[in-house]
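Enquirer: Below is the structure I would like to discuss, written out as structure tokens.
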Amino acid sequence: MARKHLLLGITVGTCLAAALATPALADTASPATQAQTAAKTPRPIGPVGKTAAIQKNLRMSLGSEFGGAWVKNGSQVVVATTDASTAAAITAAGAKPKVVKYSERQLGGELAKLNEHSRSAAKSVTSWYVDAETNTVVVNASSTSAAKRFVKASGVNASAVRIVHSTAKPRLAYDIIGGERYWTTQYGCSVAFAVTGGFLTAGHCGDTGETTEGANRVALGTFGGSSFPSDDYAWVDTNSQWTPTPKVNKYDGTYETILGATEAPVGTQVCRSGGTTNTRIWCGPIQQRNATVNYPEGTVTGLIRANVCADPGDSGGALFTQTGGQAQGITSGTSGSCNNGQDSSDQTWFQPVAEVLQILAQDGRELVTEDGGPGPGTCDGHETRVTDSLTSGASDYQPSGNYTTTTTGAHTACLDGPDGVDFDVYLQKLNGTTWQTVAHSISPTPDESINYNGAAGTYRYRVHAYSGNGDYTFAFSKP
């Protein structure tokens, strides 16, 4: 029996579930020792990394006396302390000391009280936070009297609070993520890839000027351009509440990071993400390029055909390479279904992204990609490679236990953490019964690397989650 070629929009009235947008005690050496060994790490971490390192080291060494840190005049790191006797140590570490009344922990405790009583805050009280520079908890509000009532009801130490009059009206912001649901006035479709100022999707999902909502039913934007039939592409210009990201939802708690849009040849394994089949991604080979499909609604040319299943509502979703993070296509139509799994007979057609990206480039717009550093799951080219996970403040020691070398040579390592976290790595050498940090990489990013020339001995790596949770990839080579 011949299969029909179906477009994949779903009507607003169907019962298909829409996928809600999901934007997904140290044993290191002393600060003085770390300052001596930092020079052995050949990769410079730049001005931002240097100031972040000073803050980290002093937060750990000062402990409960640490009062916060900030940068003044673009480069001078100021570190606050509740103990004047620590000023010399702060200066020696490369920062300017400032003696304050309240520690960071104390102000954090006052902030926690406000958080606990947030429901008692009037709408005119719009935000509150710790301001290290003024050594206070700042409460922003358009009504000073309402702010005072909120502070009193929370049981906060009023002398530690500074009320600031503000007319700002905060609003929620949302991420644009490939493969996730959005709604038009008629259909439920899927996001393909974010571009500057919006995202790509299928042309049959909406006409130019049509309004859209996110999966959460928040106003999203309007179709800035649409082409169907002949082609099947469109782009949506989003409002300021939505932020384009280089992510595609893999529906397993992780995201594919888009690094570019290099065209993959026939036979390449690719994966599709969509808002209806939102329990996983579906992968298979590219079977043809420049294919023509004669839909009942019209003929579309120049499509990618792939052995991948899809269902109504997946229209507009993302097709990307299984490895390498390269955007390939926009989901157009299918002759199969994922309801009973995927087999060799499933075929889905995709509009290549190149044509619409060329059109947008005329207005200076481009595909949103992740720049710099290794992408998730990389750190290739090392002898040993492991994956694990960390929660904020925790550490892992890699490899399990330690390793011993009998020769002098290079110890190289690569740490690749998830977006939005700050993970660090320390190389430690056993000195008698004590582990001594001989090199480290502690930039304020998820990704780190070490290249250390060391003598024979026993070593281990400490992977530390300075802030944030998630999976990481760690790889290393020994002499």
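Order determines the names: the first chain of the structure tokens is A, the second B, and so forth; residues in each chain are numbered 1 upward, and ligands are numbered 1 upward as they are shown.
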With DSSP run on the backbone, what are the strand (DSSP E or B) residues within range 411-465 of chain A? I'd like them as an mmCIF file with all heavy atoms, in the first residue's frame.

Expert:
data_model
loop_
_atom_site.group_PDB
_atom_site.id
_atom_site.type_symbol
_atom_site.label_atom_id
_atom_site.label_comp_id
_atom_site.auth_asym_id
_atom_site.auth_seq_id
_atom_site.Cartn_x
_atom_site.Cartn_y
_atom_site.Cartn_z
ATOM 1 N N HIS A 411 51.839 16.271 31.455
ATOM 2 C CA HIS A 411 50.535 15.833 31.950
ATOM 3 C C HIS A 411 49.512 16.802 31.341
ATOM 4 O O HIS A 411 49.495 17.988 31.684
ATOM 5 C CB HIS A 411 50.469 15.897 33.476
ATOM 6 C CG HIS A 411 51.455 15.019 34.158
ATOM 7 N ND1 HIS A 411 51.106 13.864 34.816
ATOM 8 C CD2 HIS A 411 52.809 15.130 34.292
ATOM 9 C CE1 HIS A 411 52.181 13.303 35.343
ATOM 10 N NE2 HIS A 411 53.235 14.056 35.036
ATOM 11 N N THR A 412 48.697 16.329 30.437
ATOM 12 C CA THR A 412 47.720 17.200 29.783
ATOM 13 C C THR A 412 46.310 16.731 30.112
ATOM 14 O O THR A 412 46.052 15.531 30.236
ATOM 15 C CB THR A 412 47.908 17.206 28.254
ATOM 16 O OG1 THR A 412 47.742 15.885 27.745
ATOM 17 C CG2 THR A 412 49.298 17.717 27.885
ATOM 18 N N ALA A 413 45.395 17.695 30.250
ATOM 19 C CA ALA A 413 44.017 17.356 30.614
ATOM 20 C C ALA A 413 43.053 18.355 30.009
ATOM 21 O O ALA A 413 43.404 19.513 29.753
ATOM 22 C CB ALA A 413 43.854 17.317 32.125
ATOM 23 N N CYS A 414 41.831 17.910 29.823
ATOM 24 C CA CYS A 414 40.762 18.747 29.274
ATOM 25 C C CYS A 414 39.483 18.463 30.059
ATOM 26 O O CYS A 414 39.109 17.305 30.247
ATOM 27 C CB CYS A 414 40.562 18.434 27.794
ATOM 28 S SG CYS A 414 39.073 19.152 27.063
ATOM 29 N N LEU A 415 38.827 19.520 30.514
ATOM 30 C CA LEU A 415 37.552 19.407 31.211
ATOM 31 C C LEU A 415 36.493 20.132 30.408
ATOM 32 O O LEU A 415 36.674 21.292 30.037
ATOM 33 C CB LEU A 415 37.647 20.012 32.614
ATOM 34 C CG LEU A 415 36.335 20.122 33.402
ATOM 35 C CD1 LEU A 415 35.785 18.740 33.718
ATOM 36 C CD2 LEU A 415 36.552 20.915 34.681
ATOM 37 N N ASP A 416 35.389 19.465 30.110
ATOM 38 C CA ASP A 416 34.294 20.052 29.341
ATOM 39 C C ASP A 416 33.008 19.918 30.149
ATOM 40 O O ASP A 416 32.478 18.828 30.293
ATOM 41 C CB ASP A 416 34.173 19.344 27.989
ATOM 42 C CG ASP A 416 33.018 19.898 27.159
ATOM 43 O OD1 ASP A 416 32.613 21.042 27.403
ATOM 44 O OD2 ASP A 416 32.524 19.165 26.288
ATOM 45 N N ASP A 422 30.384 26.686 36.387
ATOM 46 C CA ASP A 422 31.798 27.026 36.560
ATOM 47 C C ASP A 422 32.479 25.822 37.204
ATOM 48 O O ASP A 422 32.426 25.649 38.417
ATOM 49 C CB ASP A 422 31.939 28.275 37.435
ATOM 50 C CG ASP A 422 33.387 28.735 37.567
ATOM 51 O OD1 ASP A 422 34.292 28.042 37.063
ATOM 52 O OD2 ASP A 422 33.608 29.774 38.197
ATOM 53 N N PHE A 423 33.064 24.973 36.368
ATOM 54 C CA PHE A 423 33.805 23.808 36.839
ATOM 55 C C PHE A 423 35.301 24.070 36.705
ATOM 56 O O PHE A 423 35.738 24.708 35.743
ATOM 57 C CB PHE A 423 33.441 22.556 36.026
ATOM 58 C CG PHE A 423 32.087 21.970 36.348
ATOM 59 C CD1 PHE A 423 31.193 22.590 37.205
ATOM 60 C CD2 PHE A 423 31.704 20.764 35.777
ATOM 61 C CE1 PHE A 423 29.953 22.048 37.495
ATOM 62 C CE2 PHE A 423 30.461 20.192 36.062
ATOM 63 C CZ PHE A 423 29.585 20.837 36.921
ATOM 64 N N ASP A 424 36.097 23.568 37.637
ATOM 65 C CA ASP A 424 37.541 23.757 37.636
ATOM 66 C C ASP A 424 38.263 22.421 37.719
ATOM 67 O O ASP A 424 37.672 21.403 38.113
ATOM 68 C CB ASP A 424 37.968 24.627 38.826
ATOM 69 C CG ASP A 424 37.293 25.982 38.837
ATOM 70 O OD1 ASP A 424 37.151 26.577 37.758
ATOM 71 O OD2 ASP A 424 36.906 26.441 39.927
ATOM 72 N N VAL A 425 39.546 22.430 37.385
ATOM 73 C CA VAL A 425 40.340 21.201 37.477
ATOM 74 C C VAL A 425 41.701 21.521 38.094
ATOM 75 O O VAL A 425 42.305 22.557 37.792
ATOM 76 C CB VAL A 425 40.493 20.524 36.096
ATOM 77 C CG1 VAL A 425 41.212 21.428 35.107
ATOM 78 C CG2 VAL A 425 41.211 19.197 36.222
ATOM 79 N N TYR A 426 42.141 20.635 38.996
ATOM 80 C CA TYR A 426 43.429 20.777 39.681
ATOM 81 C C TYR A 426 44.232 19.498 39.463
ATOM 82 O O TYR A 426 43.702 18.392 39.624
ATOM 83 C CB TYR A 426 43.228 20.978 41.187
ATOM 84 C CG TYR A 426 42.403 22.183 41.577
ATOM 85 C CD1 TYR A 426 41.006 22.142 41.506
ATOM 86 C CD2 TYR A 426 43.002 23.344 42.024
ATOM 87 C CE1 TYR A 426 40.247 23.235 41.874
ATOM 88 C CE2 TYR A 426 42.246 24.448 42.402
ATOM 89 C CZ TYR A 426 40.870 24.381 42.325
ATOM 90 O OH TYR A 426 40.123 25.474 42.687
ATOM 91 N N LEU A 427 45.504 19.650 39.116
ATOM 92 C CA LEU A 427 46.420 18.508 39.048
ATOM 93 C C LEU A 427 47.192 18.457 40.362
ATOM 94 O O LEU A 427 47.814 19.448 40.764
ATOM 95 C CB LEU A 427 47.388 18.648 37.875
ATOM 96 C CG LEU A 427 48.461 17.560 37.765
ATOM 97 C CD1 LEU A 427 47.830 16.177 37.573
ATOM 98 C CD2 LEU A 427 49.426 17.871 36.626
ATOM 99 N N GLN A 428 47.125 17.307 41.044
ATOM 100 C CA GLN A 428 47.765 17.162 42.354
ATOM 101 C C GLN A 428 48.794 16.031 42.315
ATOM 102 O O GLN A 428 48.578 14.996 41.681
ATOM 103 C CB GLN A 428 46.713 16.871 43.430
ATOM 104 C CG GLN A 428 45.678 17.980 43.555
ATOM 105 C CD GLN A 428 44.604 17.669 44.570
ATOM 106 O OE1 GLN A 428 44.259 16.505 44.791
ATOM 107 N NE2 GLN A 428 44.065 18.705 45.201
ATOM 108 N N LYS A 429 49.910 16.254 43.012
ATOM 109 C CA LYS A 429 50.976 15.255 43.095
ATOM 110 C C LYS A 429 51.135 14.833 44.546
ATOM 111 O O LYS A 429 51.085 15.663 45.461
ATOM 112 C CB LYS A 429 52.293 15.829 42.574
ATOM 113 C CG LYS A 429 53.436 14.813 42.565
ATOM 114 C CD LYS A 429 54.719 15.440 42.035
ATOM 115 C CE LYS A 429 55.850 14.406 42.026
ATOM 116 N NZ LYS A 429 57.137 14.988 41.582
ATOM 117 N N LEU A 430 51.342 13.536 44.766
ATOM 118 C CA LEU A 430 51.508 13.020 46.117
ATOM 119 C C LEU A 430 52.915 13.330 46.611
ATOM 120 O O LEU A 430 53.916 12.933 46.013
ATOM 121 C CB LEU A 430 51.272 11.502 46.126
ATOM 122 C CG LEU A 430 51.211 10.840 47.502
ATOM 123 C CD1 LEU A 430 50.053 11.413 48.336
ATOM 124 C CD2 LEU A 430 51.041 9.329 47.354
ATOM 125 N N ASN A 431 52.976 14.059 47.718
ATOM 126 C CA ASN A 431 54.247 14.429 48.344
ATOM 127 C C ASN A 431 54.251 13.835 49.747
ATOM 128 O O ASN A 431 53.693 14.403 50.682
ATOM 129 C CB ASN A 431 54.390 15.949 48.389
ATOM 130 C CG ASN A 431 55.725 16.402 48.950
ATOM 131 O OD1 ASN A 431 56.618 15.587 49.192
ATOM 132 N ND2 ASN A 431 55.865 17.709 49.150
ATOM 133 N N THR A 434 50.807 13.742 51.592
ATOM 134 C CA THR A 434 49.992 14.923 51.319
ATOM 135 C C THR A 434 49.873 15.157 49.817
ATOM 136 O O THR A 434 50.861 15.052 49.085
ATOM 137 C CB THR A 434 50.607 16.176 51.970
ATOM 138 O OG1 THR A 434 50.753 15.958 53.361
ATOM 139 C CG2 THR A 434 49.726 17.397 51.732
ATOM 140 N N TRP A 435 48.674 15.460 49.380
ATOM 141 C CA TRP A 435 48.458 15.818 47.984
ATOM 142 C C TRP A 435 48.705 17.309 47.803
ATOM 143 O O TRP A 435 48.093 18.142 48.473
ATOM 144 C CB TRP A 435 47.038 15.483 47.544
ATOM 145 C CG TRP A 435 46.797 14.014 47.390
ATOM 146 C CD1 TRP A 435 46.183 13.186 48.285
ATOM 147 C CD2 TRP A 435 47.185 13.212 46.283
ATOM 148 N NE1 TRP A 435 46.165 11.902 47.801
ATOM 149 C CE2 TRP A 435 46.771 11.881 46.566
ATOM 150 C CE3 TRP A 435 47.840 13.453 45.083
ATOM 151 C CZ2 TRP A 435 46.996 10.825 45.698
ATOM 152 C CZ3 TRP A 435 48.057 12.404 44.213
ATOM 153 C CH2 TRP A 435 47.641 11.102 44.509
ATOM 154 N N GLN A 436 49.609 17.657 46.896
ATOM 155 C CA GLN A 436 49.961 19.050 46.637
ATOM 156 C C GLN A 436 49.506 19.433 45.238
ATOM 157 O O GLN A 436 49.778 18.723 44.264
ATOM 158 C CB GLN A 436 51.475 19.255 46.749
ATOM 159 C CG GLN A 436 51.918 20.687 46.462
ATOM 160 C CD GLN A 436 53.430 20.843 46.515
ATOM 161 O OE1 GLN A 436 54.154 19.860 46.655
ATOM 162 N NE2 GLN A 436 53.898 22.071 46.407
ATOM 163 N N THR A 437 48.803 20.578 45.110
ATOM 164 C CA THR A 437 48.367 21.060 43.803
ATOM 165 C C THR A 437 49.569 21.639 43.060
ATOM 166 O O THR A 437 50.213 22.568 43.541
ATOM 167 C CB THR A 437 47.272 22.124 43.941
ATOM 168 O OG1 THR A 437 46.124 21.532 44.558
ATOM 169 C CG2 THR A 437 46.870 22.671 42.582
ATOM 170 N N VAL A 438 49.849 21.075 41.892
ATOM 171 C CA VAL A 438 50.999 21.531 41.110
ATOM 172 C C VAL A 438 50.592 22.348 39.886
ATOM 173 O O VAL A 438 51.423 23.037 39.288
ATOM 174 C CB VAL A 438 51.866 20.328 40.681
ATOM 175 C CG1 VAL A 438 52.501 19.670 41.888
ATOM 176 C CG2 VAL A 438 51.061 19.314 39.871
ATOM 177 N N ALA A 439 49.344 22.259 39.482
ATOM 178 C CA ALA A 439 48.833 23.063 38.370
ATOM 179 C C ALA A 439 47.316 23.100 38.466
ATOM 180 O O ALA A 439 46.694 22.178 39.002
ATOM 181 C CB ALA A 439 49.254 22.477 37.022
ATOM 182 N N HIS A 440 46.745 24.159 37.974
ATOM 183 C CA HIS A 440 45.280 24.233 37.976
ATOM 184 C C HIS A 440 44.785 25.087 36.824
ATOM 185 O O HIS A 440 45.540 25.849 36.216
ATOM 186 C CB HIS A 440 44.753 24.777 39.314
ATOM 187 C CG HIS A 440 45.195 26.174 39.618
ATOM 188 N ND1 HIS A 440 45.684 26.546 40.841
ATOM 189 C CD2 HIS A 440 45.233 27.295 38.868
ATOM 190 C CE1 HIS A 440 45.986 27.831 40.848
ATOM 191 N NE2 HIS A 440 45.722 28.306 39.661
ATOM 192 N N SER A 441 43.513 24.961 36.521
ATOM 193 C CA SER A 441 42.837 25.777 35.524
ATOM 194 C C SER A 441 41.480 26.130 36.105
ATOM 195 O O SER A 441 40.633 25.256 36.293
ATOM 196 C CB SER A 441 42.696 25.005 34.209
ATOM 197 O OG SER A 441 42.063 25.800 33.214
ATOM 198 N N ASP A 447 34.697 25.051 30.833
ATOM 199 C CA ASP A 447 35.745 24.291 30.161
ATOM 200 C C ASP A 447 37.136 24.717 30.627
ATOM 201 O O ASP A 447 37.416 25.920 30.731
ATOM 202 C CB ASP A 447 35.635 24.474 28.646
ATOM 203 C CG ASP A 447 34.256 24.125 28.129
ATOM 204 O OD1 ASP A 447 33.632 23.202 28.693
ATOM 205 O OD2 ASP A 447 33.810 24.772 27.168
ATOM 206 N N GLU A 448 37.991 23.754 30.902
ATOM 207 C CA GLU A 448 39.343 24.022 31.404
ATOM 208 C C GLU A 448 40.347 23.107 30.717
ATOM 209 O O GLU A 448 39.979 22.062 30.164
ATOM 210 C CB GLU A 448 39.410 23.791 32.927
ATOM 211 C CG GLU A 448 38.367 24.529 33.750
ATOM 212 C CD GLU A 448 38.575 26.031 33.804
ATOM 213 O OE1 GLU A 448 39.645 26.517 33.355
ATOM 214 O OE2 GLU A 448 37.666 26.740 34.276
ATOM 215 N N SER A 449 41.629 23.482 30.778
ATOM 216 C CA SER A 449 42.677 22.606 30.261
ATOM 217 C C SER A 449 43.957 22.833 31.040
ATOM 218 O O SER A 449 44.205 23.928 31.557
ATOM 219 C CB SER A 449 42.914 22.849 28.769
ATOM 220 O OG SER A 449 43.424 24.141 28.546
ATOM 221 N N ILE A 450 44.764 21.781 31.139
ATOM 222 C CA ILE A 450 46.047 21.820 31.845
ATOM 223 C C ILE A 450 47.112 21.184 30.954
ATOM 224 O O ILE A 450 46.860 20.181 30.283
ATOM 225 C CB ILE A 450 45.958 21.071 33.201
ATOM 226 C CG1 ILE A 450 45.236 21.933 34.242
ATOM 227 C CG2 ILE A 450 47.343 20.681 33.703
ATOM 228 C CD1 ILE A 450 45.075 21.269 35.588
ATOM 229 N N ASN A 451 48.293 21.781 30.954
ATOM 230 C CA ASN A 451 49.469 21.212 30.287
ATOM 231 C C ASN A 451 50.655 21.454 31.212
ATOM 232 O O ASN A 451 51.180 22.565 31.284
ATOM 233 C CB ASN A 451 49.690 21.862 28.918
ATOM 234 C CG ASN A 451 50.744 21.131 28.107
ATOM 235 O OD1 ASN A 451 51.596 20.435 28.663
ATOM 236 N ND2 ASN A 451 50.697 21.305 26.798
ATOM 237 N N TYR A 452 51.057 20.432 31.930
ATOM 238 C CA TYR A 452 52.060 20.574 33.001
ATOM 239 C C TYR A 452 53.188 19.577 32.784
ATOM 240 O O TYR A 452 52.958 18.382 32.577
ATOM 241 C CB TYR A 452 51.392 20.326 34.348
ATOM 242 C CG TYR A 452 52.343 20.277 35.525
ATOM 243 C CD1 TYR A 452 52.878 21.441 36.052
ATOM 244 C CD2 TYR A 452 52.695 19.053 36.102
ATOM 245 C CE1 TYR A 452 53.741 21.394 37.137
ATOM 246 C CE2 TYR A 452 53.559 18.997 37.182
ATOM 247 C CZ TYR A 452 54.082 20.179 37.688
ATOM 248 O OH TYR A 452 54.935 20.131 38.753
ATOM 249 N N ASN A 453 54.415 20.073 32.819
ATOM 250 C CA ASN A 453 55.583 19.213 32.677
ATOM 251 C C ASN A 453 56.049 18.799 34.064
ATOM 252 O O ASN A 453 56.542 19.622 34.835
ATOM 253 C CB ASN A 453 56.697 19.950 31.926
ATOM 254 C CG ASN A 453 57.833 19.023 31.530
ATOM 255 O OD1 ASN A 453 57.598 17.931 31.026
ATOM 256 N ND2 ASN A 453 59.063 19.446 31.786
ATOM 257 N N GLY A 454 55.847 17.517 34.394
ATOM 258 C CA GLY A 454 56.109 17.068 35.757
ATOM 259 C C GLY A 454 57.075 15.903 35.825
ATOM 260 O O GLY A 454 57.255 15.142 34.866
ATOM 261 N N GLY A 457 56.227 10.345 39.430
ATOM 262 C CA GLY A 457 55.537 10.355 40.706
ATOM 263 C C GLY A 457 54.100 9.911 40.574
ATOM 264 O O GLY A 457 53.667 9.417 39.532
ATOM 265 N N THR A 458 53.350 10.084 41.655
ATOM 266 C CA THR A 458 51.944 9.697 41.690
ATOM 267 C C THR A 458 51.075 10.952 41.613
ATOM 268 O O THR A 458 51.291 11.906 42.376
ATOM 269 C CB THR A 458 51.627 8.914 42.975
ATOM 270 O OG1 THR A 458 52.436 7.735 43.004
ATOM 271 C CG2 THR A 458 50.167 8.505 43.026
ATOM 272 N N TYR A 459 50.096 10.938 40.723
ATOM 273 C CA TYR A 459 49.279 12.113 40.455
ATOM 274 C C TYR A 459 47.792 11.748 40.479
ATOM 275 O O TYR A 459 47.407 10.584 40.371
ATOM 276 C CB TYR A 459 49.594 12.689 39.067
ATOM 277 C CG TYR A 459 50.970 13.275 38.921
ATOM 278 C CD1 TYR A 459 52.068 12.467 38.676
ATOM 279 C CD2 TYR A 459 51.168 14.649 38.997
ATOM 280 C CE1 TYR A 459 53.344 12.997 38.526
ATOM 281 C CE2 TYR A 459 52.428 15.199 38.841
ATOM 282 C CZ TYR A 459 53.508 14.371 38.604
ATOM 283 O OH TYR A 459 54.765 14.912 38.451
ATOM 284 N N ARG A 460 46.966 12.784 40.590
ATOM 285 C CA ARG A 460 45.524 12.653 40.406
ATOM 286 C C ARG A 460 44.971 14.016 40.003
ATOM 287 O O ARG A 460 45.621 15.062 40.215
ATOM 288 C CB ARG A 460 44.839 12.180 41.692
ATOM 289 C CG ARG A 460 44.802 13.223 42.809
ATOM 290 C CD ARG A 460 44.108 12.678 44.040
ATOM 291 N NE ARG A 460 43.989 13.714 45.088
ATOM 292 C CZ ARG A 460 43.472 13.507 46.298
ATOM 293 N NH1 ARG A 460 43.030 12.284 46.627
ATOM 294 N NH2 ARG A 460 43.380 14.493 47.165
ATOM 295 N N TYR A 461 43.780 14.030 39.431
ATOM 296 C CA TYR A 461 43.089 15.268 39.084
ATOM 297 C C TYR A 461 41.873 15.445 39.989
ATOM 298 O O TYR A 461 41.136 14.498 40.236
ATOM 299 C CB TYR A 461 42.625 15.246 37.636
ATOM 300 C CG TYR A 461 43.740 15.409 36.634
ATOM 301 C CD1 TYR A 461 44.346 14.294 36.070
ATOM 302 C CD2 TYR A 461 44.184 16.665 36.256
ATOM 303 C CE1 TYR A 461 45.368 14.426 35.147
ATOM 304 C CE2 TYR A 461 45.209 16.811 35.335
ATOM 305 C CZ TYR A 461 45.804 15.690 34.787
ATOM 306 O OH TYR A 461 46.818 15.841 33.873
ATOM 307 N N ARG A 462 41.712 16.649 40.469
ATOM 308 C CA ARG A 462 40.499 17.001 41.222
ATOM 309 C C ARG A 462 39.616 17.854 40.322
ATOM 310 O O ARG A 462 40.018 18.938 39.886
ATOM 311 C CB ARG A 462 40.855 17.777 42.481
ATOM 312 C CG ARG A 462 39.618 18.272 43.253
ATOM 313 C CD ARG A 462 40.028 19.134 44.443
ATOM 314 N NE ARG A 462 38.871 19.670 45.120
ATOM 315 C CZ ARG A 462 38.720 20.937 45.496
ATOM 316 N NH1 ARG A 462 39.670 21.803 45.241
ATOM 317 N NH2 ARG A 462 37.639 21.343 46.119
ATOM 318 N N VAL A 463 38.415 17.362 40.011
ATOM 319 C CA VAL A 463 37.432 18.108 39.233
ATOM 320 C C VAL A 463 36.433 18.694 40.226
ATOM 321 O O VAL A 463 35.771 17.954 40.964
ATOM 322 C CB VAL A 463 36.729 17.194 38.220
ATOM 323 C CG1 VAL A 463 35.728 18.003 37.393
ATOM 324 C CG2 VAL A 463 37.749 16.532 37.302
ATOM 325 N N HIS A 464 36.326 20.010 40.239
ATOM 326 C CA HIS A 464 35.527 20.687 41.267
ATOM 327 C C HIS A 464 34.432 21.538 40.625
ATOM 328 O O HIS A 464 34.678 22.286 39.681
ATOM 329 C CB HIS A 464 36.436 21.584 42.115
ATOM 330 C CG HIS A 464 35.700 22.400 43.138
ATOM 331 N ND1 HIS A 464 34.995 21.825 44.173
ATOM 332 C CD2 HIS A 464 35.554 23.741 43.280
ATOM 333 C CE1 HIS A 464 34.456 22.776 44.921
ATOM 334 N NE2 HIS A 464 34.773 23.947 44.387
ATOM 335 N N ALA A 465 33.204 21.398 41.127
ATOM 336 C CA ALA A 465 32.084 22.231 40.684
ATOM 337 C C ALA A 465 32.042 23.477 41.563
ATOM 338 O O ALA A 465 31.484 23.462 42.663
ATOM 339 C CB ALA A 465 30.772 21.464 40.776
#

Enquirer: If we count only C-alpha atoms, what is near Gln351 in chain A at a cut-off of 6 Å, once residues fewer than 2 positions away on the same chain are taken out, given as a list in words?

Expert: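 Once the adjacent positions are removed, what remains is Asp232, Leu303, Gly329 and Ile330 of chain A.
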
Enquirer: Nearest residue to Thr299 in chain A out of A:Gly316, A:Gly341, A:Pro265, A:Pro229, using only C-alpha atoms?

Expert: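 Among the listed residues, A:Pro229 lies closest to Thr299 in chain A.
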
Enquirer: Taking only C-alpha atoms into account, which of A:Trp128, A:Trp349, A:Trp183, A:Tyr255 comes nearest Gln288 in chain A?

Expert: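 Among A:Trp128, A:Trp349, A:Trp183, A:Tyr255, it is A:Trp349 that comes nearest to Gln288 in chain A.
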
Enquirer: Got a sec: who's within 9 Å of range 96-111 of chain A, counting only C-alpha atoms, leaving out chain neighbours fewer than 2 positions off, as a count of residues only?

Expert: 41

Enquirer: Among range 262-454 of chain A, which residues carry a DSSP assignment of helix (DSSP H, G or I), reported as a PyMOL selection string?

Expert: chain A and resi 354-361

Enquirer: Generate a file of the selected residues that holds N, CA, C and O atoms, formatted as an mmCIF file, in the first residue's frame.

Expert:
data_model
loop_
_atom_site.group_PDB
_atom_site.id
_atom_site.type_symbol
_atom_site.label_atom_id
_atom_site.label_comp_id
_atom_site.auth_asym_id
_atom_site.auth_seq_id
_atom_site.Cartn_x
_atom_site.Cartn_y
_atom_site.Cartn_z
ATOM 1 N N ALA A 354 20.397 26.254 4.442
ATOM 2 C CA ALA A 354 21.278 27.197 3.754
ATOM 3 C C ALA A 354 20.509 28.311 3.053
ATOM 4 O O ALA A 354 20.894 29.486 3.128
ATOM 5 N N GLU A 355 19.416 27.972 2.353
ATOM 6 C CA GLU A 355 18.700 28.972 1.560
ATOM 7 C C GLU A 355 18.142 30.094 2.419
ATOM 8 O O GLU A 355 18.314 31.287 2.119
ATOM 9 N N VAL A 356 17.497 29.740 3.524
ATOM 10 C CA VAL A 356 16.908 30.783 4.373
ATOM 11 C C VAL A 356 17.989 31.563 5.114
ATOM 12 O O VAL A 356 17.850 32.773 5.333
ATOM 13 N N LEU A 357 19.110 30.919 5.472
ATOM 14 C CA LEU A 357 20.205 31.649 6.122
ATOM 15 C C LEU A 357 20.815 32.681 5.177
ATOM 16 O O LEU A 357 21.212 33.776 5.610
ATOM 17 N N GLN A 358 20.881 32.352 3.884
ATOM 18 C CA GLN A 358 21.393 33.307 2.909
ATOM 19 C C GLN A 358 20.487 34.529 2.791
ATOM 20 O O GLN A 358 20.944 35.662 2.652
ATOM 21 N N ILE A 359 19.176 34.293 2.866
ATOM 22 C CA ILE A 359 18.228 35.402 2.806
ATOM 23 C C ILE A 359 18.384 36.304 4.025
ATOM 24 O O ILE A 359 18.454 37.540 3.916
ATOM 25 N N LEU A 360 18.463 35.700 5.212
ATOM 26 C CA LEU A 360 18.594 36.485 6.439
ATOM 27 C C LEU A 360 19.930 37.217 6.503
ATOM 28 O O LEU A 360 20.032 38.302 7.095
ATOM 29 N N ALA A 361 20.967 36.634 5.901
ATOM 30 C CA ALA A 361 22.289 37.266 5.924
ATOM 31 C C ALA A 361 22.277 38.625 5.230
ATOM 32 O O ALA A 361 23.103 39.502 5.556
#

Enquirer: Neighbouring residues of range 198-205 of chain A were defined as those with any atom within 6 Å, considering only C-alpha atoms; residues of the same chain fewer than 6 positions away were excluded. Please report them as number ranges by chain.

Expert: A: 191-192, 226-228, 232-238, 316

Enquirer: Take the residues that were just selected and, keeping N, CA and C atoms, output them as a compact mmCIF listing (two decimals), in the first residue's frame.

Expert:
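What follows is the written file out_3.txt:
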# COMPACT_ATOMS: atom_id res chain seq x y z
N VAL A 191 10.19 24.61 16.68
CA VAL A 191 11.32 25.49 16.37
C VAL A 191 12.42 24.66 15.72
N ALA A 192 13.06 25.19 14.69
CA ALA A 192 14.23 24.53 14.10
C ALA A 192 15.49 25.00 14.81
N SER A 226 7.92 33.88 4.97
CA SER A 226 7.46 32.50 4.82
C SER A 226 7.39 32.13 3.35
N SER A 227 7.83 30.90 3.00
CA SER A 227 7.78 30.43 1.63
C SER A 227 7.27 29.00 1.59
N PHE A 228 6.11 28.79 0.96
CA PHE A 228 5.52 27.47 0.76
C PHE A 228 4.35 27.61 -0.22
N ASP A 232 9.96 25.30 1.69
CA ASP A 232 9.19 25.13 2.94
C ASP A 232 10.00 25.67 4.11
N TYR A 233 10.21 26.98 4.10
CA TYR A 233 10.94 27.61 5.20
C TYR A 233 10.24 28.89 5.62
N ALA A 234 10.52 29.30 6.84
CA ALA A 234 10.01 30.56 7.38
C ALA A 234 10.92 30.97 8.52
N TRP A 235 10.79 32.22 8.91
CA TRP A 235 11.44 32.66 10.14
C TRP A 235 10.47 33.51 10.95
N VAL A 236 10.60 33.40 12.24
CA VAL A 236 9.76 34.15 13.18
C VAL A 236 10.63 35.18 13.88
N ASP A 237 10.19 36.43 13.84
CA ASP A 237 10.86 37.51 14.56
C ASP A 237 10.26 37.58 15.96
N THR A 238 11.08 37.33 16.97
CA THR A 238 10.57 37.22 18.34
C THR A 238 10.68 38.54 19.10
N GLY A 316 8.74 21.99 11.22
CA GLY A 316 9.57 23.12 11.60
C GLY A 316 10.72 22.75 12.50
